[in-house]
2 protein chains.
Amino acid sequence: MSGVASNCPLPISATDQILLGHGSGGKLTAELIERMIVPAFSNPALDTLDDQAVLAVEAGHLAFTTDSYVVSPIFFPGGDIGELAVNGTINDLAAGGAQPIALSLAFILEEGLPIADLRRVIESARRAAAFAGVPIVTGDTKVVGRGNGDQIFINTSGVGVVAPGVRLGSARIRAGDAILLSGSIGDHGIAIMAHRAGLELEGDIVSDTAPLHALVAALLRTCPDVHAMRDPTRGGVASTLVEIATRNKLGIEVDEAAIPVREPVRGACELLGLDPLFVANEGKMVVFAPEKIADRALEAMRSHPLGRHACRIGSVTNHHPSVVELVTPVRGRRLLDLPFAELLPRIC
Amino acid sequence: MSGVASNCPLPISATDQILLGHGSGGKLTAELIERMIVPAFSNPALDTLDDQAVLAVEAGHLAFTTDSYVVSPIFFPGGDIGELAVNGTINDLAAGGAQPIALSLAFILEEGLPIADLRRVIESARRAAAFAGVPIVTGDTKVVGRGNGDQIFINTSGVGVVAPGVRLGSARIRAGDAILLSGSIGDHGIAIMAHRAGLELEGDIVSDTAPLHALVAALLRTCPDVHAMRDPTRGGVASTLVEIATRNKLGIEVDEAAIPVREPVRGACELLGLDPLFVANEGKMVVFAPEKIADRALEAMRSHPLGRHACRIGSVTNHHPSVVELVTPVRGRRLLDLPFAELLPRIC
């Protein structure tokens, strides 16, 4: 506690691993935050280094969301935990019809994590936030001992602004609503599963992680009266639909043939024994729109690059409340239900 | 994926441990969230079960903050990780002069965690949020395998409203500012350290975790022109002051005798070889106020139960920039500096 050490702080490059001390609020913590994290995300709100960011907002409706990311492995084909954490929280805001105004970024690091891996994740989160145009304005860094964590966990929370006249929510879904999907499903989950399994797959399967707020903005400009949106992450499109059907006591009919699944993903699903409907995505949106605006909504989605393969996959009905029926390509019907438990652990 | 299982979901009471499946987006996840978590925190924004909460806000300044809690053990004298996570984030908002309007709550659970422990933490977070009058409006639950986490990690983020005319920030601190402290220090950190060390201490030492937004409101009603506030958590009051001095290139003088440390805490610190100035708190606030309002600010703080032992501990000076000088009871001087690394790991 003499003043000497302050003149020779350990440069972050002098250790190649995260130490417990990086999380204890001393010099190492300050160095990690001020030399590695804050410079990557620099903006006026963050640069104050206060424990909270202060943002000017207009009167209106604010969306607020949180998500922790524990994906394993942290690097996977097409992305990594940093990009995923940024896009995932942007998408949770977008699903509420909000345009994101700011994100937080909180790391839980495991002792021994290579600094190079952390740098790579920070750079990826930085790039994703810059690409999306959403500043990271506040953050936190904790370190836990070896065996008490797993490399990197990230929590991103976000705030966004819901435009006047927009009022989305799953409670607004009605019988008669069309169900639209912004593109093909399964890429994110299968990219990770195949990577974990060490599978060499034909064709490129990479995570579909992408920020959907601009797609949502394009949709809501034309169709502000969309009823609800959900991004089908854990549990996939099937779980999203089953949850809506169960909670709202509505029936849902889905046309299996209408659901876009890219051929390499379909092949990998067969190999791995997975149904693509249950596989996680992080760059796709399910939209519930009143029938009378369904075509217009589809057109608006297709006008955006991330929605160019958007399609109608089904509709909400008063028949068979709480039940999701899949109409198979041979006009058979099967019921979709939530898997009981483990399907794809740590996929997001 | 047949419809059968939906008629007989496993009641949460049928397993006494968290399973990986509680985090995989299937039935177990839905059950955990809908039966255990949401009912505890029920409010209109949360009950929608959408992936984001939507809140009405007035035009103005919004504070936004995040903090992950990895404290070990999760239960300690005077509190637990649930209460700490709620109060800690409320205090990060309060330190920005904001009144909290909503919190998020994100769990990372380790497989095998006793459900009873999770219930206890949820109940404690519920009680803390209710006591503070701040709703938990959105959340997330992830599960990681045994040995990839440590019982429970919690991230709480928060949004709050900064009243018109209030503009706090460490960049506003000036030479001449008085430094006020809301009460005695060290209780939280020492309660946890002593508990970990298995020490039986004379006198009660319990965590001082408390939500300080009402104390801050009382202070700002009288003194909206306070310059800055910081809650001295990791690294204690000393680290807070060293950070401010270093970043603002200002000197700080602290009167050691003026810093309230309760006798049992002082004794435990001697026993454990710790300086109370470096021990974490989670219910105390350091306030930087222009000299001319310092007395009024102190009086306002003392008018609130959580600030009744508030006192003036020092001042900001143009002398010795970037250096914090502690004036000892015998009028000696010692320099305070950040500890290099490990002091009290996983204290918050």
# chains A, B, ... in the order shown; residues from 1 in each chain; ligands from 1
call {"tool": "select_by_dssp", "arguments": {"residues": "region 47-147 of chain B", "states": "strand (DSSP E)", "output": "VMD selection string"}}
result
chain B and resid 53 to 57 60 to 69 75 to 76 79 to 80 98 to 110 136 to 144
call {"tool": "residues_around", "arguments": {"residues": "region 101-103 of chain B", "least_positions_apart": "2", "cutoff": "8 Å", "atoms": "only C-alpha atoms", "output": "JSON, numbers by chain"}}
result
{"B": [86, 89, 99, 105, 134, 135, 136, 137, 138, 156, 157, 158, 159, 160, 161]}
call {"tool": "residues_around", "arguments": {"residues": "region 49-63 of chain A", "least_positions_apart": "4", "cutoff": "8 Å", "atoms": "only C-alpha atoms", "output": "PDB file with C-alpha atoms, in the first residue's frame"}}
result
ATOM      1  CA  ALA A  45     -21.076   7.554 -21.363  1.00  0.00           C
ATOM      2  CA  LEU A  93     -34.984  -5.569 -27.523  1.00  0.00           C
ATOM      3  CA  GLY A  96     -40.260  -5.982 -28.196  1.00  0.00           C
ATOM      4  CA  ALA A  98     -37.639  -1.432 -29.586  1.00  0.00           C
ATOM      5  CA  VAL A 137     -22.118   2.219 -22.022  1.00  0.00           C
ATOM      6  CA  THR A 138     -21.511   0.375 -18.760  1.00  0.00           C
ATOM      7  CA  GLY A 158     -29.968  -3.523 -22.927  1.00  0.00           C
ATOM      8  CA  VAL A 159     -32.308  -0.587 -23.089  1.00  0.00           C
ATOM      9  CA  GLY A 160     -34.215   0.512 -26.141  1.00  0.00           C
ATOM     10  CA  VAL A 161     -36.919   2.874 -27.216  1.00  0.00           C
ATOM     11  CA  VAL A 162     -40.304   1.713 -28.451  1.00  0.00           C
ATOM     12  CA  ALA A 163     -41.685   4.124 -31.054  1.00  0.00           C
ATOM     13  CA  PRO A 164     -45.044   5.782 -30.351  1.00  0.00           C
TER      14      PRO A 164
ATOM     15  CA  GLN B  52     -38.101  -7.725 -22.571  1.00  0.00           C
ATOM     16  CA  ALA B  53     -40.020  -5.455 -20.224  1.00  0.00           C
ATOM     17  CA  VAL B  54     -41.566  -2.259 -21.531  1.00  0.00           C
ATOM     18  CA  LEU B  55     -41.703   0.699 -19.128  1.00  0.00           C
ATOM     19  CA  ALA B  56     -43.201   4.155 -19.541  1.00  0.00           C
ATOM     20  CA  VAL B  57     -40.635   6.915 -18.938  1.00  0.00           C
ATOM     21  CA  GLU B  58     -40.707  10.693 -18.817  1.00  0.00           C
ATOM     22  CA  ALA B  59     -38.274  12.664 -20.915  1.00  0.00           C
ATOM     23  CA  GLY B  60     -35.057  13.206 -19.012  1.00  0.00           C
ATOM     24  CA  HIS B  61     -31.927  11.394 -17.962  1.00  0.00           C
ATOM     25  CA  LEU B  62     -31.831   7.678 -17.514  1.00  0.00           C
ATOM     26  CA  ALA B  63     -29.143   5.883 -15.518  1.00  0.00           C
ATOM     27  CA  PHE B  64     -28.190   2.357 -16.601  1.00  0.00           C
ATOM     28  CA  THR B  65     -25.884  -0.004 -14.723  1.00  0.00           C
ATOM     29  CA  THR B  66     -24.856  -3.661 -14.488  1.00  0.00           C
ATOM     30  CA  ASP B  92     -24.851   1.797  -8.405  1.00  0.00           C
ATOM     31  CA  LEU B  93     -27.907   3.671  -9.713  1.00  0.00           C
ATOM     32  CA  ALA B  95     -24.468   6.707  -6.833  1.00  0.00           C
ATOM     33  CA  GLY B  96     -25.360   8.346 -10.143  1.00  0.00           C
ATOM     34  CA  GLY B 169     -20.240  12.275 -12.014  1.00  0.00           C
ATOM     35  CA  SER B 170     -16.696  11.790 -10.829  1.00  0.00           C
ATOM     36  CA  ARG B 230     -19.420   6.367  -5.189  1.00  0.00           C
TER      37      ARG B 230
END
call {"tool": "residues_around", "arguments": {"residues": "region 171-180 of chain B", "least_positions_apart": "4", "cutoff": "9 Å", "atoms": "only C-alpha atoms", "output": "PyMOL selection string"}}
result
(chain A and resi 48+50) or (chain B and resi 167+227-228+244+247-248+250-252+254+285-294+297-298+310-319)
call {"tool": "write_last_selection", "arguments": {"atoms": "C-alpha atoms", "output": "compact mmCIF listing (two decimals), in the first residue's frame"}}
result
# COMPACT_ATOMS: atom_id res chain seq x y z
CA THR A 48 -16.67 8.53 -17.39
CA ASP A 50 -18.53 5.82 -13.21
CA ARG B 167 -25.88 15.95 -12.59
CA HIS B 227 -20.67 16.70 -7.32
CA ALA B 228 -20.37 12.93 -7.21
CA ILE B 244 -10.77 9.28 -8.13
CA ARG B 247 -8.22 9.62 -12.84
CA ASN B 248 -8.95 13.25 -11.95
CA LEU B 250 -6.41 15.62 -7.86
CA GLY B 251 -5.04 15.19 -4.37
CA ILE B 252 -7.14 13.72 -1.61
CA VAL B 254 -8.30 11.77 4.50
CA MET B 285 -21.81 5.85 0.12
CA VAL B 286 -18.90 8.26 -0.35
CA VAL B 287 -20.11 11.74 -1.29
CA PHE B 288 -18.12 14.57 -2.87
CA ALA B 289 -19.77 17.89 -2.13
CA PRO B 290 -18.64 21.50 -2.66
CA GLU B 291 -17.34 22.91 0.63
CA LYS B 292 -20.12 25.49 0.91
CA ILE B 293 -22.85 22.84 1.07
CA ALA B 294 -20.88 20.22 2.99
CA ALA B 297 -25.27 17.68 2.94
CA LEU B 298 -24.07 15.99 6.12
CA ALA B 310 -22.53 10.06 8.33
CA CYS B 311 -19.37 12.07 8.79
CA ARG B 312 -16.82 14.13 6.98
CA ILE B 313 -13.65 12.15 6.33
CA GLY B 314 -11.54 14.44 4.22
CA SER B 315 -11.27 16.80 1.31
CA VAL B 316 -10.05 17.14 -2.25
CA THR B 317 -7.02 19.31 -2.81
CA ASN B 318 -4.80 20.72 -5.55
CA HIS B 319 -1.73 19.62 -3.60
call {"tool": "closest_residue", "arguments": {"among": "B:Gly235, B:Gly139, B:Gly149, B:Pro305", "to": "Val38 (chain B)", "atoms": "only C-alpha atoms"}}
result
B:Gly139
call {"tool": "residues_around", "arguments": {"residues": "Ala300 (chain A)", "least_positions_apart": "5", "cutoff": "12 Å", "atoms": "only C-alpha atoms", "output": "list in words"}}
result
Leu180, Ser182, Ala214, Leu215, Val216, Ala217, Ala218, Leu219, Leu220, Arg221, Thr222, Cys223, Pro224, Val226, Val287, Ile293, Ala294, Asp295, Pro305, Leu306, Gly307, Arg308, His309, Ala310 and Cys311 of chain A
